[in-house]
>>> print(open('run.csv').read())   # CSV, C-alpha atoms
chain,number,residue,atom,x,y,z
A,17,GLY,CA,17.9,-1.4,-9.8
A,18,ALA,CA,15.6,-4.4,-9.7
A,19,GLY,CA,13.1,-2.9,-7.3
A,20,VAL,CA,12.2,0.1,-5.1
A,21,SER,CA,14.7,0.6,-2.4
A,22,GLN,CA,14.4,2.7,0.8
A,23,SER,CA,16.9,3.8,3.3
A,24,PRO,CA,17.4,3.6,6.2
A,25,ARG,CA,15.4,0.5,6.9
A,26,TYR,CA,15.2,1.5,10.5
A,27,LYS,CA,15.4,4.9,12.2
A,28,VAL,CA,15.2,5.8,15.8
A,29,ALA,CA,14.7,9.5,16.6
A,30,LYS,CA,14.3,11.4,19.8
A,31,ARG,CA,11.2,13.6,19.9
A,32,GLY,CA,11.9,16.9,18.3
A,33,GLN,CA,14.6,15.7,15.9
A,34,ASP,CA,14.4,16.0,12.2
A,35,VAL,CA,14.6,12.9,10.0
A,36,ALA,CA,15.0,12.3,6.3
A,37,LEU,CA,13.8,9.1,4.6
A,38,ARG,CA,15.0,8.2,1.1
A,39,CYS,CA,13.3,6.4,-1.7
A,40,ASP,CA,14.9,5.1,-4.9
A,41,PRO,CA,12.2,4.1,-7.3
A,42,ILE,CA,12.4,1.7,-10.2
A,43,SER,CA,14.4,3.5,-13.0
A,44,GLY,CA,12.1,5.2,-15.5
A,45,HIS,CA,9.0,5.1,-13.3
A,46,VAL,CA,7.1,8.4,-13.7
A,47,SER,CA,4.9,8.1,-10.6
A,48,LEU,CA,6.1,8.0,-7.0
A,49,PHE,CA,3.9,7.6,-3.9
A,50,TRP,CA,4.6,7.8,-0.2
A,51,TYR,CA,2.4,6.0,2.3
A,52,GLN,CA,2.4,5.8,6.1
A,53,GLN,CA,1.5,2.5,7.8
A,54,ALA,CA,0.8,2.6,11.5
A,55,LEU,CA,1.1,-0.6,13.5
A,56,GLY,CA,-1.7,-3.0,12.7
A,57,GLN,CA,-3.2,-0.7,10.0
A,58,GLY,CA,-3.2,-0.5,6.3
A,59,PRO,CA,-1.0,2.0,4.5
A,60,GLU,CA,-2.4,5.5,4.2
A,61,PHE,CA,-1.6,7.8,1.3
A,62,LEU,CA,0.7,10.8,2.0
A,63,THR,CA,1.7,12.3,-1.2
A,64,TYR,CA,2.2,11.7,-5.0
A,65,PHE,CA,4.8,12.9,-7.5
A,66,GLN,CA,4.6,12.8,-11.3
A,67,ASN,CA,8.2,13.1,-12.3
A,68,GLU,CA,9.4,16.1,-10.2
A,69,ALA,CA,6.0,17.7,-9.7
A,70,GLN,CA,4.2,17.1,-6.5
A,71,LEU,CA,0.6,16.8,-7.6
A,72,ASP,CA,-1.1,15.6,-4.5
A,73,LYS,CA,0.0,16.2,-0.9
A,74,SER,CA,-3.4,15.9,0.6
A,75,GLY,CA,-2.4,13.1,2.9
A,76,LEU,CA,0.5,14.8,4.7
A,77,PRO,CA,-0.6,15.0,8.3
A,78,SER,CA,0.9,18.4,9.2
A,79,ASP,CA,3.3,21.0,7.9
A,80,ARG,CA,6.1,19.2,9.7
A,81,PHE,CA,6.0,16.7,6.8
A,82,PHE,CA,7.7,17.7,3.5
A,83,ALA,CA,8.5,15.6,0.4
A,84,GLU,CA,10.6,16.3,-2.7
A,85,ARG,CA,11.7,14.7,-5.8
A,86,PRO,CA,13.9,17.3,-7.5
A,87,GLU,CA,15.1,15.5,-10.5
A,88,GLY,CA,12.2,13.2,-11.0
A,89,SER,CA,13.9,10.1,-9.6
A,90,VAL,CA,15.0,9.8,-6.0
A,91,SER,CA,12.6,11.2,-3.4
A,92,THR,CA,13.1,12.3,0.2
A,93,LEU,CA,10.4,12.5,2.8
A,94,LYS,CA,11.4,14.8,5.6
A,95,ILE,CA,9.8,15.1,9.0
A,96,GLN,CA,10.6,18.0,11.2
A,97,ARG,CA,10.4,18.1,15.0
A,98,THR,CA,9.3,14.5,15.1
A,99,GLN,CA,6.5,13.5,17.5
A,100,GLN,CA,5.7,10.1,19.0
A,101,GLU,CA,2.6,9.8,16.8
A,102,ASP,CA,4.9,9.9,13.8
A,103,SER,CA,6.2,6.4,14.7
A,104,ALA,CA,5.2,4.2,11.7
A,105,VAL,CA,6.5,2.4,8.7
A,106,TYR,CA,6.9,4.8,5.7
A,107,LEU,CA,6.4,3.0,2.4
A,108,CYS,CA,7.5,4.3,-1.0
A,109,ALA,CA,6.0,3.0,-4.2
A,110,SER,CA,6.5,3.7,-7.9
A,111,SER,CA,4.6,3.0,-11.0
A,112,ILE,CA,5.6,3.2,-14.7
A,113,GLY,CA,3.0,5.6,-15.9
A,114,LEU,CA,0.0,7.7,-15.0
A,115,ALA,CA,-2.9,5.3,-15.4
A,116,GLU,CA,-5.0,4.5,-12.4
A,117,THR,CA,-4.6,0.9,-13.1
A,118,ASP,CA,-0.8,0.8,-13.3
A,119,THR,CA,0.8,-1.5,-10.8
A,120,GLN,CA,2.5,0.2,-7.8
A,121,TYR,CA,5.7,-1.5,-6.8
A,122,PHE,CA,6.5,-1.0,-3.1
A,123,GLY,CA,9.8,-0.7,-1.3
A,124,PRO,CA,10.4,-2.6,2.0
A,125,GLY,CA,9.7,0.6,4.0
A,126,THR,CA,11.5,2.6,6.7
A,127,ARG,CA,10.4,1.8,10.2
A,128,LEU,CA,10.5,5.1,12.2
A,129,THR,CA,10.4,5.0,16.0
A,130,VAL,CA,10.2,8.2,17.9
A,131,LEU,CA,11.2,8.1,21.5
B,25,ALA,CA,-15.6,9.3,-0.6
B,26,GLN,CA,-13.9,6.0,-1.3
B,27,SER,CA,-13.2,3.4,1.4
B,28,VAL,CA,-12.4,-0.2,1.9
B,29,THR,CA,-13.6,-2.6,4.6
B,30,GLN,CA,-11.9,-5.9,5.2
B,31,LEU,CA,-14.0,-8.2,7.4
B,32,GLY,CA,-11.9,-10.1,9.9
B,33,SER,CA,-8.5,-8.9,11.0
B,34,HIS,CA,-7.4,-12.5,11.5
B,35,VAL,CA,-8.3,-15.6,9.6
B,36,SER,CA,-7.0,-19.1,10.4
B,37,VAL,CA,-7.3,-22.0,8.0
B,38,SER,CA,-5.9,-25.5,7.8
B,39,GLU,CA,-3.3,-26.4,5.2
B,40,GLY,CA,-5.3,-27.5,2.1
B,41,ALA,CA,-8.5,-25.7,3.1
B,42,LEU,CA,-10.2,-23.0,1.2
B,43,VAL,CA,-9.0,-19.4,1.8
B,44,LEU,CA,-11.6,-16.7,1.7
B,45,LEU,CA,-10.6,-13.1,2.6
B,46,ARG,CA,-13.4,-10.5,2.4
B,47,CYS,CA,-13.3,-7.1,1.0
B,48,ASN,CA,-16.1,-4.6,0.5
B,49,TYR,CA,-15.6,-1.1,-0.9
B,50,SER,CA,-17.5,2.1,-1.1
B,51,SER,CA,-17.0,4.4,-4.1
B,52,SER,CA,-19.1,7.1,-5.8
B,53,VAL,CA,-17.3,6.4,-9.1
B,54,PRO,CA,-16.3,3.1,-10.8
B,55,PRO,CA,-13.4,1.6,-8.8
B,56,TYR,CA,-10.3,-0.2,-9.6
B,57,LEU,CA,-9.6,-2.9,-7.0
B,58,PHE,CA,-6.4,-4.5,-5.9
B,59,TRP,CA,-5.2,-7.2,-3.5
B,60,TYR,CA,-1.7,-6.9,-2.1
B,61,VAL,CA,0.2,-9.4,0.1
B,62,GLN,CA,2.8,-8.4,2.7
B,63,TYR,CA,5.3,-10.8,4.1
B,64,PRO,CA,7.3,-9.8,7.3
B,65,ASN,CA,9.9,-7.2,6.7
B,66,GLN,CA,9.0,-7.1,3.0
B,67,GLY,CA,7.2,-4.6,0.8
B,68,LEU,CA,3.7,-5.1,-0.5
B,69,GLN,CA,3.4,-7.3,-3.5
B,70,LEU,CA,0.5,-7.2,-6.0
B,71,LEU,CA,-1.5,-10.4,-6.1
B,72,LEU,CA,-4.1,-9.3,-8.6
B,73,LYS,CA,-6.2,-6.3,-9.8
B,74,TYR,CA,-9.5,-5.5,-11.3
B,75,THR,CA,-9.5,-2.9,-14.0
B,76,SER,CA,-13.0,-3.1,-15.4
B,77,ALA,CA,-12.4,-5.9,-17.8
B,78,ALA,CA,-13.2,-9.5,-16.7
B,79,THR,CA,-15.0,-9.6,-13.3
B,80,LEU,CA,-13.2,-12.8,-12.3
B,81,VAL,CA,-9.5,-12.0,-11.9
B,82,LYS,CA,-6.8,-14.6,-11.6
B,83,GLY,CA,-3.6,-13.6,-9.8
B,84,ILE,CA,-0.3,-15.1,-8.7
B,85,ASN,CA,0.1,-18.1,-6.4
B,86,GLY,CA,-3.3,-19.5,-7.2
B,87,PHE,CA,-5.3,-16.6,-5.9
B,88,GLU,CA,-8.4,-15.2,-7.6
B,89,ALA,CA,-11.0,-12.6,-6.8
B,90,GLU,CA,-14.4,-11.7,-8.2
B,91,PHE,CA,-15.7,-8.2,-8.6
B,92,LYS,CA,-19.4,-8.1,-7.7
B,93,LYS,CA,-20.8,-4.6,-8.3
B,94,SER,CA,-24.2,-5.4,-6.8
B,95,GLU,CA,-22.6,-6.5,-3.5
B,96,THR,CA,-19.7,-3.9,-3.7
B,97,SER,CA,-17.4,-6.7,-3.0
B,98,PHE,CA,-14.0,-8.1,-4.2
B,99,HIS,CA,-13.3,-11.1,-2.1
B,100,LEU,CA,-10.1,-13.0,-2.4
B,101,THR,CA,-10.1,-16.8,-2.6
B,102,LYS,CA,-7.7,-19.7,-3.0
B,103,PRO,CA,-8.9,-23.3,-3.3
B,104,SER,CA,-6.2,-24.9,-1.2
B,105,ALA,CA,-4.0,-23.1,1.4
B,106,HIS,CA,-0.3,-23.6,1.6
B,107,MET,CA,1.8,-22.9,4.7
B,108,SER,CA,3.6,-20.3,2.6
B,109,ASP,CA,0.4,-18.3,2.2
B,110,ALA,CA,0.7,-17.1,5.8
B,111,ALA,CA,1.0,-13.3,5.5
B,112,GLU,CA,-1.0,-10.0,5.8
B,113,TYR,CA,-3.4,-9.3,2.9
B,114,PHE,CA,-4.6,-5.9,2.0
B,115,CYS,CA,-7.4,-4.9,-0.3
B,116,ALA,CA,-7.2,-1.5,-1.9
B,117,VAL,CA,-9.2,0.8,-4.3
B,118,SER,CA,-8.2,3.5,-6.7
B,119,PHE,CA,-10.4,5.5,-9.0
B,120,SER,CA,-10.3,7.5,-12.2
B,121,GLY,CA,-9.0,11.0,-11.6
B,122,GLY,CA,-7.4,10.0,-8.4
B,123,TYR,CA,-3.8,9.9,-9.5
B,124,ASN,CA,-3.8,6.2,-8.8
B,125,LYS,CA,-3.4,6.7,-5.1
B,126,LEU,CA,-4.5,3.6,-3.3
B,127,ILE,CA,-6.9,3.6,-0.4
B,128,PHE,CA,-6.2,0.5,1.7
B,129,GLY,CA,-8.3,-1.6,4.0
B,130,ALA,CA,-6.9,-2.4,7.5
B,131,GLY,CA,-5.6,-5.8,6.4
B,132,THR,CA,-6.3,-9.4,7.2
B,133,ARG,CA,-3.6,-11.6,8.7
B,134,LEU,CA,-3.9,-15.1,7.4
B,135,ALA,CA,-2.5,-18.0,9.5
B,136,VAL,CA,-2.2,-21.5,8.0
B,137,HIS,CA,-1.8,-24.4,10.4
B,138,PRO,CA,-0.9,-28.0,9.6
>>> encode(input="run.csv", output="structure tokens")
Amino acid sequence: GAGVSQSPRYKVAKRGQDVALRCDPISGHVSLFWYQQALGQGPEFLTYFQNEAQLDKSGLPSDRFFAERPEGSVSTLKIQRTQQEDSAVYLCASSIGLAETDTQYFGPGTRLTVL
Amino acid sequence: AQSVTQLGSHVSVSEGALVLLRCNYSSSVPPYLFWYVQYPNQGLQLLLKYTSAATLVKGINGFEAEFKKSETSFHLTKPSAHMSDAAEYFCAVSFSGGYNKLIFGAGTRLAVHP
């Protein structure tokens, strides 16, 4: 595709429900990132994939958060037993290679609201 | 530890006036610095980046930023604001060995009035 896509764009969950957020990166991009953006804040790093390998998950807030990228392309961020504090926009980004200076291309995000 | 501070959560300028958005960073290793813009309901778009080449970096839409190591700053400027520049602007830092994960500032919302 032309850019990074994410689905759904909006998700409303009741507290305690599980949710799954999907990211389709730019084709051929090796690196994939997830960020969490709370209202009025800058994005905060959650996790990083290099192809299918999850090399950094230091930003995941709790063990309720789980991410995967099994075939090195599409990625899913799963949140179990959602809590109100999980309400945020979840952003996915991809970059072509491994360099720290590679441009990250961001998707439009999934806005999660937990009631 | 690396961090980014953006001074001023809201900046308002007149159309045609100079835009100056401030960014200071803290890093124990040489940083790479980025400015992103976010329009409503859209993803972040890269404006420009500093990658240890020229300290004055020119980006899209007439924006530029200057890396000043002595001041640990990377302020974003544009000589003449357009109405279409109204958006949220984020400064971010990455660093060697950090997998290119970005550490963002809290953002500055730019308003442009006629």
>>> closest_residue(input="run.csv", among="B:Ala41, B:Val28, B:Ala89, B:Ala105", to="chain A", atoms="all atoms listed in the file")
B:Val28
>>> closest_residue(input="run.csv", among="A:Ile95, A:Leu37, A:Val130, A:Ala54", to="chain B", atoms="only C-alpha atoms")
A:Ala54
>>> atom_distance(input="run.csv", atom1="CA of Leu134 (chain B)", atom2="CA of Phe87 (chain B)")
13.5 Å
>>> interface_residues(input="run.csv", of="chain A", to="chain B", cutoff="6 Å", atoms="only C-alpha atoms", output="JSON, numbers by chain")
{"A": [57, 58, 116, 122, 123, 124]}
>>> residues_around(input="run.csv", residues="Arg97 (chain A)", least_positions_apart="4", cutoff="6 Å", atoms="all atoms listed in the file", output="ChimeraX atom specification")
/A:32-34
>>> write_last_selection(input="run.csv", atoms="C-alpha atoms", output="mmCIF file, in the frame of the given file")
data_model
loop_
_atom_site.group_PDB
_atom_site.id
_atom_site.type_symbol
_atom_site.label_atom_id
_atom_site.label_comp_id
_atom_site.auth_asym_id
_atom_site.auth_seq_id
_atom_site.Cartn_x
_atom_site.Cartn_y
_atom_site.Cartn_z
ATOM 1 C CA GLY A 32 11.900 16.900 18.300
ATOM 2 C CA GLN A 33 14.600 15.700 15.900
ATOM 3 C CA ASP A 34 14.400 16.000 12.200
#
>>> atom_distance(input="run.csv", atom1="CA of Val136 (chain B)", atom2="CA of Val20 (chain A)")
29.1 Å
>>> residues_near_point(input="run.csv", point="(15.5, 5.0, -2.0)", cutoff="9 Å", atoms="all atoms listed in the file", output="PyMOL selection string")
chain A and resi 20-24+37-41+90-92+108+123
>>> residues_around(input="run.csv", residues="Gln53 (chain A)", least_positions_apart="3", cutoff="7 Å", atoms="only C-alpha atoms", output="PDB file with C-alpha atoms, in the frame of the given file")
ATOM      1  CA  GLN A  57      -3.200  -0.700  10.000  1.00  0.00           C
ATOM      2  CA  GLY A  58      -3.200  -0.500   6.300  1.00  0.00           C
ATOM      3  CA  PRO A  59      -1.000   2.000   4.500  1.00  0.00           C
ATOM      4  CA  GLU A  60      -2.400   5.500   4.200  1.00  0.00           C
ATOM      5  CA  ALA A 104       5.200   4.200  11.700  1.00  0.00           C
ATOM      6  CA  VAL A 105       6.500   2.400   8.700  1.00  0.00           C
ATOM      7  CA  TYR A 106       6.900   4.800   5.700  1.00  0.00           C
TER       8      TYR A 106
END
>>> residues_around(input="run.csv", residues="Leu71 (chain B)", least_positions_apart="2", cutoff="6 Å", atoms="all atoms listed in the file", output="list in words")
Trp59, Tyr60, Gly83 and Ile84 of chain B
>>> atom_distance(input="run.csv", atom1="CA of Gln120 (chain A)", atom2="CA of Tyr51 (chain A)")
11.6 Å
>>> build_atoms(input="run.csv", residues="region 84-95 of chain B", atoms="all heavy atoms", output="PDB file, keeping the file's coordinate frame")
ATOM      1  N   ILE B  84      -1.451 -14.223  -8.937  1.00  0.00           N
ATOM      2  CA  ILE B  84      -0.300 -15.100  -8.700  1.00  0.00           C
ATOM      3  C   ILE B  84      -0.591 -16.061  -7.551  1.00  0.00           C
ATOM      4  O   ILE B  84      -1.516 -15.833  -6.748  1.00  0.00           O
ATOM      5  CB  ILE B  84       0.975 -14.292  -8.427  1.00  0.00           C
ATOM      6  CG1 ILE B  84       0.814 -13.454  -7.151  1.00  0.00           C
ATOM      7  CG2 ILE B  84       1.312 -13.409  -9.613  1.00  0.00           C
ATOM      8  CD1 ILE B  84       2.111 -12.793  -6.707  1.00  0.00           C
ATOM      9  N   ASN B  85       0.190 -17.121  -7.493  1.00  0.00           N
ATOM     10  CA  ASN B  85       0.100 -18.100  -6.400  1.00  0.00           C
ATOM     11  C   ASN B  85      -1.226 -18.749  -6.218  1.00  0.00           C
ATOM     12  O   ASN B  85      -1.569 -19.187  -5.118  1.00  0.00           O
ATOM     13  CB  ASN B  85       0.538 -17.415  -5.056  1.00  0.00           C
ATOM     14  CG  ASN B  85       1.942 -16.831  -5.105  1.00  0.00           C
ATOM     15  OD1 ASN B  85       2.773 -17.224  -5.922  1.00  0.00           O
ATOM     16  ND2 ASN B  85       2.211 -15.878  -4.233  1.00  0.00           N
ATOM     17  N   GLY B  86      -2.002 -18.824  -7.283  1.00  0.00           N
ATOM     18  CA  GLY B  86      -3.300 -19.500  -7.200  1.00  0.00           C
ATOM     19  C   GLY B  86      -4.443 -18.745  -6.676  1.00  0.00           C
ATOM     20  O   GLY B  86      -5.537 -19.283  -6.504  1.00  0.00           O
ATOM     21  N   PHE B  87      -4.246 -17.468  -6.399  1.00  0.00           N
ATOM     22  CA  PHE B  87      -5.300 -16.600  -5.900  1.00  0.00           C
ATOM     23  C   PHE B  87      -6.201 -16.087  -7.003  1.00  0.00           C
ATOM     24  O   PHE B  87      -5.733 -15.872  -8.116  1.00  0.00           O
ATOM     25  CB  PHE B  87      -4.758 -15.451  -5.072  1.00  0.00           C
ATOM     26  CG  PHE B  87      -4.243 -15.844  -3.710  1.00  0.00           C
ATOM     27  CD1 PHE B  87      -2.900 -16.154  -3.534  1.00  0.00           C
ATOM     28  CD2 PHE B  87      -5.103 -15.895  -2.628  1.00  0.00           C
ATOM     29  CE1 PHE B  87      -2.425 -16.520  -2.277  1.00  0.00           C
ATOM     30  CE2 PHE B  87      -4.635 -16.251  -1.370  1.00  0.00           C
ATOM     31  CZ  PHE B  87      -3.290 -16.564  -1.202  1.00  0.00           C
ATOM     32  N   GLU B  88      -7.454 -15.851  -6.681  1.00  0.00           N
ATOM     33  CA  GLU B  88      -8.400 -15.200  -7.600  1.00  0.00           C
ATOM     34  C   GLU B  88      -9.368 -14.377  -6.798  1.00  0.00           C
ATOM     35  O   GLU B  88      -9.549 -14.581  -5.594  1.00  0.00           O
ATOM     36  CB  GLU B  88      -9.060 -16.165  -8.535  1.00  0.00           C
ATOM     37  CG  GLU B  88      -9.990 -17.152  -7.871  1.00  0.00           C
ATOM     38  CD  GLU B  88     -10.625 -18.084  -8.898  1.00  0.00           C
ATOM     39  OE1 GLU B  88      -9.955 -18.476  -9.873  1.00  0.00           O
ATOM     40  OE2 GLU B  88     -11.821 -18.410  -8.720  1.00  0.00           O
ATOM     41  N   ALA B  89     -10.002 -13.429  -7.486  1.00  0.00           N
ATOM     42  CA  ALA B  89     -11.000 -12.600  -6.800  1.00  0.00           C
ATOM     43  C   ALA B  89     -12.070 -12.248  -7.858  1.00  0.00           C
ATOM     44  O   ALA B  89     -11.800 -12.157  -9.058  1.00  0.00           O
ATOM     45  CB  ALA B  89     -10.370 -11.306  -6.290  1.00  0.00           C
ATOM     46  N   GLU B  90     -13.289 -12.049  -7.361  1.00  0.00           N
ATOM     47  CA  GLU B  90     -14.400 -11.700  -8.200  1.00  0.00           C
ATOM     48  C   GLU B  90     -14.997 -10.384  -7.856  1.00  0.00           C
ATOM     49  O   GLU B  90     -15.355 -10.159  -6.691  1.00  0.00           O
ATOM     50  CB  GLU B  90     -15.479 -12.802  -8.185  1.00  0.00           C
ATOM     51  CG  GLU B  90     -16.620 -12.563  -9.179  1.00  0.00           C
ATOM     52  CD  GLU B  90     -17.598 -13.720  -9.257  1.00  0.00           C
ATOM     53  OE1 GLU B  90     -17.490 -14.651  -8.435  1.00  0.00           O
ATOM     54  OE2 GLU B  90     -18.472 -13.686 -10.148  1.00  0.00           O
ATOM     55  N   PHE B  91     -15.109  -9.503  -8.830  1.00  0.00           N
ATOM     56  CA  PHE B  91     -15.700  -8.200  -8.600  1.00  0.00           C
ATOM     57  C   PHE B  91     -17.244  -8.361  -8.742  1.00  0.00           C
ATOM     58  O   PHE B  91     -17.733  -8.815  -9.781  1.00  0.00           O
ATOM     59  CB  PHE B  91     -15.225  -7.203  -9.647  1.00  0.00           C
ATOM     60  CG  PHE B  91     -15.942  -5.878  -9.639  1.00  0.00           C
ATOM     61  CD1 PHE B  91     -15.824  -5.024  -8.572  1.00  0.00           C
ATOM     62  CD2 PHE B  91     -16.751  -5.493 -10.713  1.00  0.00           C
ATOM     63  CE1 PHE B  91     -16.479  -3.799  -8.559  1.00  0.00           C
ATOM     64  CE2 PHE B  91     -17.402  -4.279 -10.706  1.00  0.00           C
ATOM     65  CZ  PHE B  91     -17.275  -3.420  -9.633  1.00  0.00           C
ATOM     66  N   LYS B  92     -17.960  -8.010  -7.683  1.00  0.00           N
ATOM     67  CA  LYS B  92     -19.400  -8.100  -7.700  1.00  0.00           C
ATOM     68  C   LYS B  92     -19.947  -6.677  -7.377  1.00  0.00           C
ATOM     69  O   LYS B  92     -20.004  -6.255  -6.222  1.00  0.00           O
ATOM     70  CB  LYS B  92     -19.933  -9.092  -6.678  1.00  0.00           C
ATOM     71  CG  LYS B  92     -19.596 -10.525  -7.033  1.00  0.00           C
ATOM     72  CD  LYS B  92     -20.266 -11.505  -6.077  1.00  0.00           C
ATOM     73  CE  LYS B  92     -19.986 -12.938  -6.495  1.00  0.00           C
ATOM     74  NZ  LYS B  92     -20.643 -13.918  -5.580  1.00  0.00           N
ATOM     75  N   LYS B  93     -20.378  -5.995  -8.443  1.00  0.00           N
ATOM     76  CA  LYS B  93     -20.800  -4.600  -8.300  1.00  0.00           C
ATOM     77  C   LYS B  93     -22.046  -4.528  -7.374  1.00  0.00           C
ATOM     78  O   LYS B  93     -22.150  -3.631  -6.539  1.00  0.00           O
ATOM     79  CB  LYS B  93     -21.129  -4.008  -9.650  1.00  0.00           C
ATOM     80  CG  LYS B  93     -21.521  -2.554  -9.614  1.00  0.00           C
ATOM     81  CD  LYS B  93     -21.749  -2.014 -11.020  1.00  0.00           C
ATOM     82  CE  LYS B  93     -22.175  -0.557 -10.979  1.00  0.00           C
ATOM     83  NZ  LYS B  93     -22.397  -0.024 -12.358  1.00  0.00           N
ATOM     84  N   SER B  94     -22.980  -5.472  -7.534  1.00  0.00           N
ATOM     85  CA  SER B  94     -24.200  -5.400  -6.800  1.00  0.00           C
ATOM     86  C   SER B  94     -23.967  -5.580  -5.268  1.00  0.00           C
ATOM     87  O   SER B  94     -24.749  -5.082  -4.443  1.00  0.00           O
ATOM     88  CB  SER B  94     -25.183  -6.505  -7.237  1.00  0.00           C
ATOM     89  OG  SER B  94     -24.602  -7.787  -7.049  1.00  0.00           O
ATOM     90  N   GLU B  95     -22.890  -6.260  -4.932  1.00  0.00           N
ATOM     91  CA  GLU B  95     -22.600  -6.500  -3.500  1.00  0.00           C
ATOM     92  C   GLU B  95     -21.417  -5.562  -3.073  1.00  0.00           C
ATOM     93  O   GLU B  95     -21.002  -5.636  -1.907  1.00  0.00           O
ATOM     94  CB  GLU B  95     -22.165  -7.936  -3.304  1.00  0.00           C
ATOM     95  CG  GLU B  95     -23.273  -8.920  -3.623  1.00  0.00           C
ATOM     96  CD  GLU B  95     -22.850 -10.371  -3.462  1.00  0.00           C
ATOM     97  OE1 GLU B  95     -21.726 -10.613  -2.954  1.00  0.00           O
ATOM     98  OE2 GLU B  95     -23.631 -11.258  -3.846  1.00  0.00           O
TER      99      GLU B  95
END
